[in-house]
file upload24.pdb (PDB, C-alpha atoms, pLDDT in the B column)
ATOM      1  CA  MET A  27      34.398 -26.908  13.809  1.00 47.00           C
ATOM      2  CA  THR A  28      33.854 -25.276  10.423  1.00 52.00           C
ATOM      3  CA  GLU A  29      33.516 -21.518  10.343  1.00 57.00           C
ATOM      4  CA  THR A  30      31.012 -20.100   7.851  1.00 61.00           C
ATOM      5  CA  ARG A  31      32.490 -17.363   5.712  1.00 62.00           C
ATOM      6  CA  LYS A  32      30.524 -14.110   5.578  1.00 77.00           C
ATOM      7  CA  GLU A  33      29.110 -12.989   2.289  1.00 80.00           C
ATOM      8  CA  GLN A  34      31.010 -10.085   0.726  1.00 90.00           C
ATOM      9  CA  LYS A  35      29.363  -7.357  -1.341  1.00 92.00           C
ATOM     10  CA  VAL A  36      30.809  -6.906  -4.831  1.00 96.00           C
ATOM     11  CA  ILE A  37      30.347  -3.542  -6.577  1.00 96.00           C
ATOM     12  CA  MET A  38      30.613  -3.574 -10.369  1.00 97.00           C
ATOM     13  CA  ILE A  39      30.608  -0.649 -12.825  1.00 97.00           C
ATOM     14  CA  ASN A  40      30.087  -0.359 -16.560  1.00 98.00           C
ATOM     15  CA  GLU A  41      31.491   2.981 -17.708  1.00 96.00           C
ATOM     16  CA  ASP A  42      30.069   2.676 -21.256  1.00 98.00           C
ATOM     17  CA  LEU A  43      26.644   1.063 -21.469  1.00 98.00           C
ATOM     18  CA  ASN A  44      26.650   1.512 -25.235  1.00 97.00           C
ATOM     19  CA  SER A  45      29.365  -1.141 -25.466  1.00 97.00           C
ATOM     20  CA  ALA A  46      27.213  -3.780 -23.728  1.00 97.00           C
ATOM     21  CA  PRO A  47      26.211  -6.654 -26.006  1.00 97.00           C
ATOM     22  CA  VAL A  48      22.601  -7.021 -27.089  1.00 97.00           C
ATOM     23  CA  TYR A  49      20.978 -10.444 -26.835  1.00 97.00           C
ATOM     24  CA  PRO A  50      17.622 -10.940 -28.543  1.00 96.00           C
ATOM     25  CA  LEU A  51      14.608 -12.191 -26.642  1.00 97.00           C
ATOM     26  CA  SER A  52      13.765 -15.795 -27.406  1.00 96.00           C
ATOM     27  CA  PRO A  53      10.552 -16.079 -29.442  1.00 96.00           C
ATOM     28  CA  ASP A  54       9.292 -18.570 -26.811  1.00 96.00           C
ATOM     29  CA  LEU A  55       9.287 -15.848 -24.138  1.00 98.00           C
ATOM     30  CA  ILE A  56       7.145 -12.797 -23.468  1.00 98.00           C
ATOM     31  CA  LEU A  57       8.569  -9.489 -22.235  1.00 98.00           C
ATOM     32  CA  HIS A  58       6.276  -7.859 -19.684  1.00 98.00           C
ATOM     33  CA  TRP A  59       6.852  -4.463 -18.036  1.00 98.00           C
ATOM     34  CA  TYR A  60       5.572  -3.856 -14.513  1.00 97.00           C
ATOM     35  CA  GLU A  61       1.884  -3.249 -13.942  1.00 95.00           C
ATOM     36  CA  PRO A  62       0.186  -2.731 -10.550  1.00 90.00           C
ATOM     37  CA  GLU A  63       0.089  -5.967  -8.546  1.00 92.00           C
ATOM     38  CA  ASP A  64       3.106  -7.439 -10.388  1.00 95.00           C
ATOM     39  CA  GLU A  65       5.068  -7.385  -7.146  1.00 95.00           C
ATOM     40  CA  LYS A  66       3.566 -10.853  -6.647  1.00 96.00           C
ATOM     41  CA  TYR A  67       5.656 -12.008  -9.640  1.00 97.00           C
ATOM     42  CA  TRP A  68       8.787 -10.354  -8.256  1.00 98.00           C
ATOM     43  CA  ILE A  69       8.280 -12.026  -4.869  1.00 97.00           C
ATOM     44  CA  ALA A  70       7.585 -15.458  -6.382  1.00 97.00           C
ATOM     45  CA  ILE A  71      10.642 -15.329  -8.678  1.00 98.00           C
ATOM     46  CA  HIS A  72      12.976 -14.193  -5.900  1.00 97.00           C
ATOM     47  CA  LYS A  73      11.635 -16.741  -3.412  1.00 97.00           C
ATOM     48  CA  GLU A  74      12.580 -19.471  -5.892  1.00 96.00           C
ATOM     49  CA  ALA A  75      15.845 -17.964  -7.096  1.00 96.00           C
ATOM     50  CA  ASP A  76      17.386 -16.186  -4.105  1.00 94.00           C
ATOM     51  CA  LYS A  77      18.781 -18.302  -1.290  1.00 89.00           C
ATOM     52  CA  PHE A  78      20.599 -15.384   0.375  1.00 89.00           C
ATOM     53  CA  ASN A  79      17.741 -12.989   1.171  1.00 91.00           C
ATOM     54  CA  VAL A  80      14.397 -13.257   2.943  1.00 95.00           C
ATOM     55  CA  ILE A  81      11.923 -12.209   0.273  1.00 96.00           C
ATOM     56  CA  THR A  82       8.791 -10.440   1.509  1.00 95.00           C
ATOM     57  CA  PRO A  83       6.341  -7.800   0.263  1.00 94.00           C
ATOM     58  CA  GLN A  84       8.039  -5.426   2.718  1.00 94.00           C
ATOM     59  CA  LEU A  85      11.396  -6.003   0.985  1.00 95.00           C
ATOM     60  CA  PHE A  86       9.815  -5.113  -2.356  1.00 95.00           C
ATOM     61  CA  ASP A  87       8.396  -1.912  -0.847  1.00 93.00           C
ATOM     62  CA  LYS A  88      11.732  -1.056   0.771  1.00 92.00           C
ATOM     63  CA  GLN A  89      13.628  -1.528  -2.490  1.00 92.00           C
ATOM     64  CA  PHE A  90      11.189   0.181  -4.854  1.00 92.00           C
ATOM     65  CA  GLY A  91       8.953   2.353  -2.701  1.00 85.00           C
ATOM     66  CA  ASN A  92       5.494   3.106  -3.919  1.00 72.00           C
ATOM     67  CA  ASP A  93       6.388   4.868  -7.168  1.00 74.00           C
ATOM     68  CA  LYS A  94       4.463   2.429  -9.361  1.00 75.00           C
ATOM     69  CA  LEU A  95       4.559   4.755 -12.387  1.00 77.00           C
ATOM     70  CA  ASN A  96       8.361   4.722 -12.284  1.00 88.00           C
ATOM     71  CA  LEU A  97       8.357   0.920 -12.106  1.00 94.00           C
ATOM     72  CA  ARG A  98       6.265   0.671 -15.279  1.00 95.00           C
ATOM     73  CA  GLU A  99       9.208   1.824 -17.358  1.00 95.00           C
ATOM     74  CA  ARG A 100      11.948   0.237 -15.256  1.00 97.00           C
ATOM     75  CA  GLN A 101      11.000  -3.240 -14.030  1.00 98.00           C
ATOM     76  CA  CYS A 102      10.564  -6.113 -16.433  1.00 98.00           C
ATOM     77  CA  TYR A 103       9.638  -9.754 -16.326  1.00 98.00           C
ATOM     78  CA  LEU A 104      10.163 -12.602 -18.712  1.00 98.00           C
ATOM     79  CA  LEU A 105       7.178 -14.910 -18.954  1.00 98.00           C
ATOM     80  CA  ASP A 106       7.158 -18.409 -20.384  1.00 98.00           C
ATOM     81  CA  LYS A 107       4.580 -19.353 -23.026  1.00 96.00           C
ATOM     82  CA  THR A 108       2.085 -20.287 -20.280  1.00 97.00           C
ATOM     83  CA  GLY A 109       2.357 -16.786 -18.787  1.00 97.00           C
ATOM     84  CA  LYS A 110       4.399 -17.798 -15.729  1.00 97.00           C
ATOM     85  CA  ALA A 111       6.912 -15.141 -14.645  1.00 98.00           C
ATOM     86  CA  ILE A 112      10.357 -16.783 -14.738  1.00 98.00           C
ATOM     87  CA  ALA A 113      12.830 -13.892 -14.599  1.00 98.00           C
ATOM     88  CA  THR A 114      12.942 -10.277 -13.507  1.00 98.00           C
ATOM     89  CA  ALA A 115      15.289  -7.304 -13.341  1.00 98.00           C
ATOM     90  CA  THR A 116      14.981  -3.569 -12.819  1.00 98.00           C
ATOM     91  CA  ALA A 117      16.633  -0.600 -14.552  1.00 97.00           C
ATOM     92  CA  TRP A 118      16.889   1.442 -11.371  1.00 95.00           C
ATOM     93  CA  GLU A 119      18.628   4.674 -10.524  1.00 88.00           C
ATOM     94  CA  LYS A 120      20.781   6.000  -7.739  1.00 81.00           C
ATOM     95  CA  LYS A 121      19.745   9.519  -6.757  1.00 81.00           C
ATOM     96  CA  GLN A 122      22.253  10.066  -3.952  1.00 84.00           C
ATOM     97  CA  GLY A 123      25.640   8.898  -2.791  1.00 87.00           C
ATOM     98  CA  GLU A 124      28.665   7.581  -4.613  1.00 89.00           C
ATOM     99  CA  PHE A 125      26.777   6.434  -7.721  1.00 92.00           C
ATOM    100  CA  ALA A 126      24.325   9.331  -8.045  1.00 90.00           C
ATOM    101  CA  GLY A 127      23.490   9.786 -11.703  1.00 90.00           C
ATOM    102  CA  PHE A 128      24.369   6.193 -12.617  1.00 96.00           C
ATOM    103  CA  GLY A 129      21.818   3.698 -13.806  1.00 97.00           C
ATOM    104  CA  GLN A 130      21.563   0.582 -11.691  1.00 97.00           C
ATOM    105  CA  VAL A 131      21.030  -3.017 -12.758  1.00 98.00           C
ATOM    106  CA  HIS A 132      18.951  -4.072  -9.795  1.00 97.00           C
ATOM    107  CA  TRP A 133      17.532  -7.330  -8.407  1.00 97.00           C
ATOM    108  CA  VAL A 134      18.182  -9.663 -11.347  1.00 98.00           C
ATOM    109  CA  ALA A 135      16.740 -13.153 -10.852  1.00 98.00           C
ATOM    110  CA  VAL A 136      15.927 -16.224 -12.927  1.00 98.00           C
ATOM    111  CA  VAL A 137      14.010 -19.158 -11.469  1.00 98.00           C
ATOM    112  CA  PRO A 138      16.292 -22.206 -11.115  1.00 97.00           C
ATOM    113  CA  GLU A 139      14.460 -24.441 -13.618  1.00 97.00           C
ATOM    114  CA  TRP A 140      15.371 -21.890 -16.338  1.00 97.00           C
ATOM    115  CA  HIS A 141      19.067 -21.549 -15.447  1.00 95.00           C
ATOM    116  CA  ASN A 142      21.599 -22.173 -18.226  1.00 94.00           C
ATOM    117  CA  GLN A 143      19.110 -21.286 -20.969  1.00 96.00           C
ATOM    118  CA  GLY A 144      20.309 -17.745 -21.677  1.00 97.00           C
ATOM    119  CA  LEU A 145      17.642 -15.876 -19.709  1.00 97.00           C
ATOM    120  CA  GLY A 146      20.233 -14.025 -17.641  1.00 97.00           C
ATOM    121  CA  LYS A 147      21.828 -12.650 -20.823  1.00 98.00           C
ATOM    122  CA  MET A 148      18.440 -11.713 -22.248  1.00 98.00           C
ATOM    123  CA  ILE A 149      17.167  -9.891 -19.187  1.00 98.00           C
ATOM    124  CA  VAL A 150      20.425  -8.059 -18.444  1.00 98.00           C
ATOM    125  CA  SER A 151      20.534  -7.017 -22.112  1.00 98.00           C
ATOM    126  CA  ILE A 152      16.966  -5.676 -21.862  1.00 98.00           C
ATOM    127  CA  ILE A 153      17.821  -3.737 -18.705  1.00 98.00           C
ATOM    128  CA  CYS A 154      21.033  -2.257 -20.141  1.00 98.00           C
ATOM    129  CA  GLN A 155      19.102  -1.149 -23.230  1.00 98.00           C
ATOM    130  CA  ARG A 156      16.379   0.383 -21.066  1.00 98.00           C
ATOM    131  CA  LEU A 157      18.995   2.283 -19.034  1.00 98.00           C
ATOM    132  CA  ILE A 158      20.393   3.683 -22.304  1.00 98.00           C
ATOM    133  CA  GLU A 159      16.853   4.670 -23.400  1.00 98.00           C
ATOM    134  CA  LEU A 160      16.436   6.455 -20.060  1.00 97.00           C
ATOM    135  CA  GLY A 161      19.579   8.491 -20.769  1.00 97.00           C
ATOM    136  CA  TYR A 162      22.222   6.678 -18.737  1.00 97.00           C
ATOM    137  CA  THR A 163      25.692   6.101 -20.156  1.00 97.00           C
ATOM    138  CA  GLN A 164      27.093   4.390 -17.047  1.00 97.00           C
ATOM    139  CA  ALA A 165      25.662   1.842 -14.669  1.00 97.00           C
ATOM    140  CA  PHE A 166      26.575   0.002 -11.521  1.00 97.00           C
ATOM    141  CA  LEU A 167      25.284  -2.972  -9.627  1.00 97.00           C
ATOM    142  CA  ASP A 168      26.020  -4.791  -6.452  1.00 95.00           C
ATOM    143  CA  THR A 169      26.007  -8.499  -5.983  1.00 95.00           C
ATOM    144  CA  SER A 170      27.631 -11.058  -3.718  1.00 94.00           C
ATOM    145  CA  ASP A 171      30.886 -12.932  -3.999  1.00 94.00           C
ATOM    146  CA  LEU A 172      28.765 -16.036  -3.353  1.00 92.00           C
ATOM    147  CA  ARG A 173      27.211 -15.547  -6.806  1.00 94.00           C
ATOM    148  CA  PRO A 174      30.126 -16.271  -9.173  1.00 95.00           C
ATOM    149  CA  ALA A 175      27.831 -17.084 -12.125  1.00 95.00           C
ATOM    150  CA  ALA A 176      26.183 -13.665 -11.773  1.00 96.00           C
ATOM    151  CA  ILE A 177      29.566 -11.924 -11.605  1.00 97.00           C
ATOM    152  CA  HIS A 178      30.674 -13.759 -14.756  1.00 97.00           C
ATOM    153  CA  LEU A 179      27.437 -12.753 -16.524  1.00 98.00           C
ATOM    154  CA  TYR A 180      27.866  -9.084 -15.599  1.00 98.00           C
ATOM    155  CA  GLU A 181      31.470  -9.132 -16.791  1.00 98.00           C
ATOM    156  CA  LYS A 182      30.172 -10.183 -20.243  1.00 98.00           C
ATOM    157  CA  PHE A 183      28.231  -6.909 -20.261  1.00 98.00           C
ATOM    158  CA  GLY A 184      31.313  -4.804 -19.511  1.00 98.00           C
ATOM    159  CA  PHE A 185      30.859  -4.504 -15.755  1.00 98.00           C
ATOM    160  CA  LYS A 186      34.129  -4.508 -13.851  1.00 98.00           C
ATOM    161  CA  ILE A 187      34.603  -5.243 -10.170  1.00 97.00           C
ATOM    162  CA  GLN A 188      35.401  -2.072  -8.258  1.00 94.00           C
ATOM    163  CA  ASN A 189      35.486  -3.396  -4.743  1.00 71.00           C
ATOM    164  CA  ASP A 190      35.135  -6.908  -3.487  1.00 47.00           C
ATOM    165  CA  SER A 191      36.131  -6.452   0.120  1.00 47.00           C
ATOM    166  CA  GLY A 192      33.159  -4.692   1.711  1.00 42.00           C
ATOM    167  CA  GLU A 193      30.729  -6.727   3.767  1.00 39.00           C
ATOM    168  CA  LYS A 194      27.177  -6.811   2.502  1.00 36.00           C
ATOM    169  CA  SER A 195      25.138  -4.143   4.183  1.00 35.00           C
TER     170      SER A 195
END
call {"tool": "encode", "arguments": {"input": "upload24.pdb", "output": "structure tokens"}}
result
Amino acid sequence: MTETRKEQKVIMINEDLNSAPVYPLSPDLILHWYEPEDEKYWIAIHKEADKFNVITPQLFDKQFGNDKLNLRERQCYLLDKTGKAIATATAWEKKQGEFAGFGQVHWVAVVPEWHNQGLGKMIVSIICQRLIELGYTQAFLDTSDLRPAAIHLYEKFGFKIQNDSGEKS
């Protein structure tokens, strides 16, 4: 009998966001910042891209609350030339706890058909730049040890693993 290994949460920190590389947006893509009703894009992207979480409108509300004005400057989407949302990420913030005062790279996702085309670099670059614009000099994120490609991507942006032994909560 094979035992399934539990997913482990990985916490990563970038102590100097200004040192993160900047990747330009491809001219074939459109950058779109959140507008009311865009949660439908977030849900659709994550349903395609995320095999570890159950993606629902309630999850969106739990993660981002109902502060839609805040999302307008923090949550972005990449759209293909037909206008389909194909990637998303959020420049979030932690107001309490261990990482209070840090920016947070939050809920990064790229639909599978666009993997290996540089969208991860582009969207993480956009989010790191937005965090800097919002006044953050440090950022953190959490991911899963079952996402080695994501961990490798974040390392390119100066994020270092702080803890890889805690179970995902």
call {"tool": "resolve_selection", "arguments": {"input": "upload24.pdb", "expression": "the PyMOL selection byres ((chain A and resi 124-133) around 7)", "output": "number ranges by chain"}}
result
A: 115-123, 134-135, 153, 157, 162, 164-167
call {"tool": "residues_around", "arguments": {"input": "upload24.pdb", "residues": "A:Ala113", "least_positions_apart": "4", "cutoff": "9 Å", "atoms": "only C-alpha atoms", "output": "ChimeraX atom specification"}}
result
/A:67-68,71-72,102-105,134-137,140,145-146,149
call {"tool": "residues_around", "arguments": {"input": "upload24.pdb", "residues": "stretch 170-173 of chain A", "least_positions_apart": "6", "cutoff": "6 Å", "atoms": "all atoms listed in the file", "output": "PDB file with C-alpha atoms, in the frame of the given file"}}
result
ATOM      1  CA  GLN A  34      31.010 -10.085   0.726  1.00 90.00           C
ATOM      2  CA  LYS A  35      29.363  -7.357  -1.341  1.00 92.00           C
ATOM      3  CA  VAL A  36      30.809  -6.906  -4.831  1.00 96.00           C
TER       4      VAL A  36
END
call {"tool": "closest_residue", "arguments": {"input": "upload24.pdb", "among": "A:Pro174, A:Thr169, A:Ile56, A:Glu139", "to": "A:Gln188", "atoms": "only C-alpha atoms"}}
result
A:Thr169
call {"tool": "residues_around", "arguments": {"input": "upload24.pdb", "residues": "A:Lys107", "least_positions_apart": "6", "cutoff": "10 Å", "atoms": "all atoms listed in the file", "output": "compact mmCIF listing (two decimals) with C-alpha atoms, in the frame of the given file"}}
result
# COMPACT_ATOMS: atom_id res chain seq x y z
CA PRO A 53 10.55 -16.08 -29.44
CA ASP A 54 9.29 -18.57 -26.81
CA LEU A 55 9.29 -15.85 -24.14
CA ILE A 56 7.14 -12.80 -23.47
call {"tool": "closest_residue", "arguments": {"input": "upload24.pdb", "among": "A:Ile112, A:Ile177, A:Leu57, A:Ile39", "to": "A:Ala70", "atoms": "all atoms listed in the file"}}
result
A:Ile112
call {"tool": "residues_near_point", "arguments": {"input": "upload24.pdb", "point": "(6.1, 0.2, -3.5)", "cutoff": "12 Å", "atoms": "all atoms listed in the file", "output": "number ranges by chain"}}
result
A: 60-66, 68, 83-98
call {"tool": "closest_residue", "arguments": {"input": "upload24.pdb", "among": "A:Ala46, A:Ala111, A:Met148, A:Ala175", "to": "A:Glu74", "atoms": "all atoms listed in the file"}}
result
A:Ala111
call {"tool": "atom_distance", "arguments": {"input": "upload24.pdb", "atom1": "atom CA of A:Asn142", "atom2": "atom CA of A:Asp76"}}
result
15.9 Å
call {"tool": "atom_distance", "arguments": {"input": "upload24.pdb", "atom1": "atom CA of A:Met38", "atom2": "atom CA of A:His178"}}
result
11.1 Å
call {"tool": "resolve_selection", "arguments": {"input": "upload24.pdb", "expression": "the PyMOL selection byres ((chain A and resi 43) around 9)", "output": "PyMOL selection string"}}
result
chain A and resi 40-42+44-47+154-155+157-158+162-165+183-184
call {"tool": "closest_residue", "arguments": {"input": "upload24.pdb", "among": "A:Thr108, A:Lys32, A:Thr114, A:Lys77", "to": "A:Ile152", "atoms": "all atoms listed in the file"}}
result
A:Thr114
call {"tool": "atom_distance", "arguments": {"input": "upload24.pdb", "atom1": "atom CA of A:His58", "atom2": "atom CA of A:Phe78"}}
result
25.8 Å
call {"tool": "closest_residue", "arguments": {"input": "upload24.pdb", "among": "A:Lys182, A:Ile187, A:Ile37, A:Val80", "to": "A:Ser151", "atoms": "all atoms listed in the file"}}
result
A:Lys182
call {"tool": "closest_residue", "arguments": {"input": "upload24.pdb", "among": "A:Asn189, A:Gln143, A:Thr82, A:Gln101", "to": "A:Ile69", "atoms": "all atoms listed in the file"}}
result
A:Thr82
